[in-house]
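As structure tokens, the structure follows; a few thoughts come after it.
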2 protein chains.
Amino acid sequence: MQTHDYAAASGKQDDVAMNSIAIESALIAELGADLVTRSADIDPRYFTAYNEAPGVRPLALVRPRSIDDVSRTLALCRRLRQPIVPQGGLTGLARGGVALGGEVVLSMERFAGIESLDAAAATVTVRAGTPLQIVQEAADAAGFTFGVDLGARGTCQIGGTIATNAGGTRAIRYGVMREQVLGLEAVLADGTVLSSMNRMLKNNAGYDLKQLFIGSEGTLGIVTRAVLRLRPKLGAPATAMCLVADYDTVLRLWDRMRAVEEVVSFEAMWPSFYRYVCSHTPGVAAPFAGADGFAVLIECATSTPGGDAAQALEACLGDCLEAGIIDDAALATSERQARDMWMLREGLAIDELPHLVNFDVSLPTGELGAFAERCEAALRARWPDIVCLFFGHIGDGNVHIGVSLAELDEALVDELDRTVYAVVQEMDGSISAEHGIGVLKRPYLACTRSDAEIGLMRVLKTALDPQRILNPGKVL
Amino acid sequence: MQTHDYAAASGKQDDVAMNSIAIESALIAELGADLVTRSADIDPRYFTAYNEAPGVRPLALVRPRSIDDVSRTLALCRRLRQPIVPQGGLTGLARGGVALGGEVVLSMERFAGIESLDAAAATVTVRAGTPLQIVQEAADAAGFTFGVDLGARGTCQIGGTIATNAGGTRAIRYGVMREQVLGLEAVLADGTVLSSMNRMLKNNAGYDLKQLFIGSEGTLGIVTRAVLRLRPKLGAPATAMCLVADYDTVLRLWDRMRAVEEVVSFEAMWPSFYRYVCSHTPGVAAPFAGADGFAVLIECATSTPGGDAAQALEACLGDCLEAGIIDDAALATSERQARDMWMLREGLAIDELPHLVNFDVSLPTGELGAFAERCEAALRARWPDIVCLFFGHIGDGNVHIGVSLAELDEALVDELDRTVYAVVQEMDGSISAEHGIGVLKRPYLACTRSDAEIGLMRVLKTALDPQRILNPGKVL
């Protein structure tokens, strides 16, 4: 067996090439050449985070075809004390899925597909490597809607969305990924297959172990399969863009709108964000493009037979116009118009800003207006020419910030982070609403979690992964 | 300090009186006489489980007035290695909140009340000892609905509903207690106050520690406060009872009804249950009392301004009558009629059956019909005269079973349990949908959870409570 050779090699810490050859050999001996790609042969996409340059080349790439393959990989890595990075579709924004140096990467892409769909119970059983969009399509084909949607739907994998507890634009209606997961299977650090594939909305027989693996970014176990909840199929959506004077009035609009059962999304764009995307999204007809105010994108849809989402949306907007809550409203009269509204909100245009840094924070909905003001003031005090654009889901407390400086280096990024997170900390918010901690936010975890909390996280990490082989350097 | 005396006394295992005096003295020395009740003075309600005779008298009763009181109690108990039982309203059905012998009981009843309500964010911050009904009323007064409702609302406490992850009759609409909890504060076994009082729907900054304390029945920490989610206020409910030929047709009705956004509850009563409650609930006018079939209670309500829940219910029932899915339907035309329908469903009448044993199991909705048949057949094969009544929430997979035998002793209860749970195990269901494991279901945990799962539960227990002072003998 290769164990001894590798263990000897791993003593020489500089000799990464030696490590790499030893671990490659050990993995191939255990799993066979079909499942293991040698370091030198790994395609850069397996070590490139979203929107970034290629990072550190992993020691090896394992692409399991079965749960047993995952189990054997972990058992071997544990024997060798070899760190391992579980990897989904690599669409995360906190670098949680890429190697930092000296790790084996385990990609779930070959363990994909829908295993079964139970229409009576409204559940679907899926493998970790399945892209979100495949789950959405399977749900749709069977007369259901899947509760989570996000921009990366075609690339992100269910295992990754679970490991990062993905959020997206429907959380106010259906909750985040955690609320969709009924059952889960994960492989623990020692190779144990923990199958908790509960299929019911109610199950209180002992600890709800699946919660450990949702949102812990692969640091406590590797998600292999899940039972997901499905929702009744929604009819065609009705979409509108509203113009609102200020954040307090956005709150009044939200207070009215959230009572409407048909609401699926409620997305607010601060004035500077909306002006920017209106003028930088070619080919899109933007409602009230020149106006100064908040733009709010609202989507309604209903599963009720004979229900009329457009009527519900129009009725509420009519009341709000009359009450002076909204200054103007544009209802999408075609799919194209609705898509244009969503394109503005998705705001890909801001990716072209120089040295863009994205933030993803959350605070109670009522405090987001004050937060944005204080945050922008703090940034502008330090960098008078900063571009600072706020937009987000509002109803779930989540706001994104796109920040751009003409010049940027690592020290300035850290200063930007500390400036924003200081305001978040003062206001008792979260430094990561839906993107996770990964590597990028790890230095700032203490801005948002107490010593007692971080202490208990470490207790859990030590209990589940005493040798720290699972995604080391992430979260904690 | 009393530590040494107590430690010496606790060596003599028969000498409970001695233990009791020593622990009383230690607690009074630490906390003062106001917070501590001596064993001999404890009112039996603190050691009496719901619907049972008084059980074992605790060594002492502590009733903290603050989080610090809870922390000091636990720190002391840990030093003394003194087991402690956290206690809410004692309405649980698995004996999770009563002492087994040799424990101190910690009742949260004095740490009660609403701390704050954030209307913009739709959250309420409450103390563990607050009765559920107080939370519901506070929500209502502020223009909201609380998502969980259950029969014991006036007595059960929020801390207990969180510790047991209570379910109830609205889970198909709003989820169980876990889905209502945004933030949580718990005191750990060593007295550490773990305050994770998140107030947002989205927060992915590190592990979601609150999940550890939801549904773990006080074995990993003691819940002191929570931030709960509120929902837009529902208008007046519309209620109907339907007569349906068989379980397959109940499934067809559910398939139609679940798409209706207004549905809050969907409760099915098997024919023998419905016949029994119709003839044993005096003063209640039961629709189709003599008929043979499933009775399904449906409640609809909506928060949409101008929305018409009654119209939505009637429209769907009209379609179902036309499609031959339901044989008959009775719409409640007064609050009194609706209450009567709920009284039948709550089925308090069956409590009068001799030696009633209650079960609370879950299986995927589509399999509950087959389960009930197999379960009843298994019971009847052993006890031909058994009374065996099925009813439950269906849409969330939860069915309750009331079982009655003319004669019963402990060995027979165990045989009943094993008979029912063998069928649950064969069909891969849960032996506890919403009541928890407590003491009563602890011997059967392995019928529903694997060795790997129970192993990981033990790892968590050891990591969080190495001296096993928190609610010992419960769950694991």
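Ligands are numbered from 1 in the order shown, residues from 1 within each chain, and chains are lettered A, B, ... in the order they appear in the structure tokens.
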Would you list the contacts of segment 418-430 of chain B as a PyMOL selection string, taking every protein, DNA or RNA residue within 8 Å and counting only C-alpha atoms, but skipping same-chain residues closer than 5 positions in sequence? (chain A and resi 198+203-205) or (chain B and resi 361-364+371+374-375+378-379+444+447-448)
N, CA and C atoms of the current selection, written as a PDB file, in the first residue's frame:
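part.pdb, written as the output of this step:
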```pdb
ATOM      1  N   ASN A 198     -34.624  11.323   5.020  1.00  0.00           N
ATOM      2  CA  ASN A 198     -36.008  11.555   5.424  1.00  0.00           C
ATOM      3  C   ASN A 198     -36.825  12.121   4.258  1.00  0.00           C
ATOM      4  N   ASN A 203     -40.540  15.098  11.057  1.00  0.00           N
ATOM      5  CA  ASN A 203     -39.779  13.965  11.582  1.00  0.00           C
ATOM      6  C   ASN A 203     -38.966  14.453  12.755  1.00  0.00           C
ATOM      7  N   ASN A 204     -39.389  14.087  13.955  1.00  0.00           N
ATOM      8  CA  ASN A 204     -38.685  14.510  15.174  1.00  0.00           C
ATOM      9  C   ASN A 204     -38.100  13.336  15.933  1.00  0.00           C
ATOM     10  N   ALA A 205     -37.598  12.359  15.200  1.00  0.00           N
ATOM     11  CA  ALA A 205     -37.012  11.192  15.854  1.00  0.00           C
ATOM     12  C   ALA A 205     -35.514  11.409  16.047  1.00  0.00           C
TER      13      ALA A 205
ATOM     14  N   VAL B 361     -46.580   8.962  14.046  1.00  0.00           N
ATOM     15  CA  VAL B 361     -45.561   8.507  13.099  1.00  0.00           C
ATOM     16  C   VAL B 361     -45.669   9.306  11.806  1.00  0.00           C
ATOM     17  N   SER B 362     -44.646   9.234  10.970  1.00  0.00           N
ATOM     18  CA  SER B 362     -44.764   9.869   9.660  1.00  0.00           C
ATOM     19  C   SER B 362     -44.191   8.985   8.566  1.00  0.00           C
ATOM     20  N   LEU B 363     -44.817   9.102   7.437  1.00  0.00           N
ATOM     21  CA  LEU B 363     -44.393   8.430   6.204  1.00  0.00           C
ATOM     22  C   LEU B 363     -44.766   9.347   5.057  1.00  0.00           C
ATOM     23  N   PRO B 364     -44.153   9.120   3.880  1.00  0.00           N
ATOM     24  CA  PRO B 364     -44.554   9.953   2.754  1.00  0.00           C
ATOM     25  C   PRO B 364     -46.067   9.877   2.544  1.00  0.00           C
ATOM     26  N   PHE B 371     -49.808   2.138   4.862  1.00  0.00           N
ATOM     27  CA  PHE B 371     -49.277   1.992   6.222  1.00  0.00           C
ATOM     28  C   PHE B 371     -50.398   1.676   7.203  1.00  0.00           C
ATOM     29  N   ARG B 374     -51.572  -1.894   6.841  1.00  0.00           N
ATOM     30  CA  ARG B 374     -50.600  -2.884   7.333  1.00  0.00           C
ATOM     31  C   ARG B 374     -50.473  -2.825   8.843  1.00  0.00           C
ATOM     32  N   CYS B 375     -50.510  -1.622   9.366  1.00  0.00           N
ATOM     33  CA  CYS B 375     -50.362  -1.444  10.811  1.00  0.00           C
ATOM     34  C   CYS B 375     -51.549  -2.054  11.547  1.00  0.00           C
ATOM     35  N   ALA B 378     -51.401  -5.824  11.427  1.00  0.00           N
ATOM     36  CA  ALA B 378     -50.399  -6.381  12.343  1.00  0.00           C
ATOM     37  C   ALA B 378     -50.915  -6.360  13.780  1.00  0.00           C
ATOM     38  N   LEU B 379     -51.568  -5.264  14.155  1.00  0.00           N
ATOM     39  CA  LEU B 379     -52.098  -5.162  15.522  1.00  0.00           C
ATOM     40  C   LEU B 379     -53.232  -6.171  15.728  1.00  0.00           C
ATOM     41  N   TYR B 444     -36.832   2.719  21.096  1.00  0.00           N
ATOM     42  CA  TYR B 444     -37.155   2.323  19.718  1.00  0.00           C
ATOM     43  C   TYR B 444     -36.447   3.194  18.686  1.00  0.00           C
ATOM     44  N   CYS B 447     -35.287   1.803  15.490  1.00  0.00           N
ATOM     45  CA  CYS B 447     -36.254   1.405  14.450  1.00  0.00           C
ATOM     46  C   CYS B 447     -36.305   2.443  13.328  1.00  0.00           C
ATOM     47  N   THR B 448     -35.771   3.618  13.569  1.00  0.00           N
ATOM     48  CA  THR B 448     -36.032   4.720  12.646  1.00  0.00           C
ATOM     49  C   THR B 448     -34.766   5.494  12.280  1.00  0.00           C
TER      50      THR B 448
END
```
Long-range neighbours of Val126 of chain A as an mmCIF file with C-alpha atoms, in the first residue's frame, 8 Å cut-off, only C-alpha atoms, 4 positions minimum in chain:
```cif
data_model
loop_
_atom_site.group_PDB
_atom_site.id
_atom_site.type_symbol
_atom_site.label_atom_id
_atom_site.label_comp_id
_atom_site.auth_asym_id
_atom_site.auth_seq_id
_atom_site.Cartn_x
_atom_site.Cartn_y
_atom_site.Cartn_z
ATOM 1 C CA ALA A 112 -25.508 13.541 -10.901
ATOM 2 C CA GLY A 113 -29.124 13.041 -11.847
ATOM 3 C CA ILE A 114 -32.612 12.707 -10.448
ATOM 4 C CA GLU A 115 -33.038 9.372 -8.664
ATOM 5 C CA SER A 116 -36.797 9.529 -8.129
ATOM 6 C CA THR A 130 -27.091 17.582 -10.382
ATOM 7 C CA VAL A 135 -33.987 19.829 -10.640
ATOM 8 C CA ILE A 158 -27.430 20.839 -5.780
ATOM 9 C CA ARG A 225 -27.661 12.974 -2.100
ATOM 10 C CA ALA A 226 -30.751 14.817 -0.909
ATOM 11 C CA VAL A 227 -34.510 14.559 -0.708
ATOM 12 C CA LEU A 228 -35.888 17.953 -1.704
#
```
Using only C-alpha atoms, which protein or nucleic acid residues come within 12 Å of segment 244-251 of chain A? Drop anything in the same chain fewer than 3 positions from it, and give the result as a PyMOL selection string. (chain A and resi 241+254-258+266-271+274+288+291-298+317+320-321+323-329+364-373+390-391+393-395+397) or (chain B and resi 119-122)
DSSP on the backbone, helix (DSSP H, G or I) only: what residues of segment 224-312 of chain A does that give? Format it as a list in words.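 Residues meeting the helix (DSSP H, G or I) criterion: Tyr247, Asp248, Thr249, Val250, Leu251, Arg252, Leu253, Trp254, Asp255, Arg256, Met257, Pro271, Ser272, Phe273, Tyr274, Arg275, Tyr276, Val277, Cys278, Ser279, His280, Ala309, Ala310, Gln311 and Ala312 of chain A.
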Atom CA of Lys441 of chain A and atom CA of Leu184 of chain B, how far apart in Å?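 So the answer is 23.0 Å.
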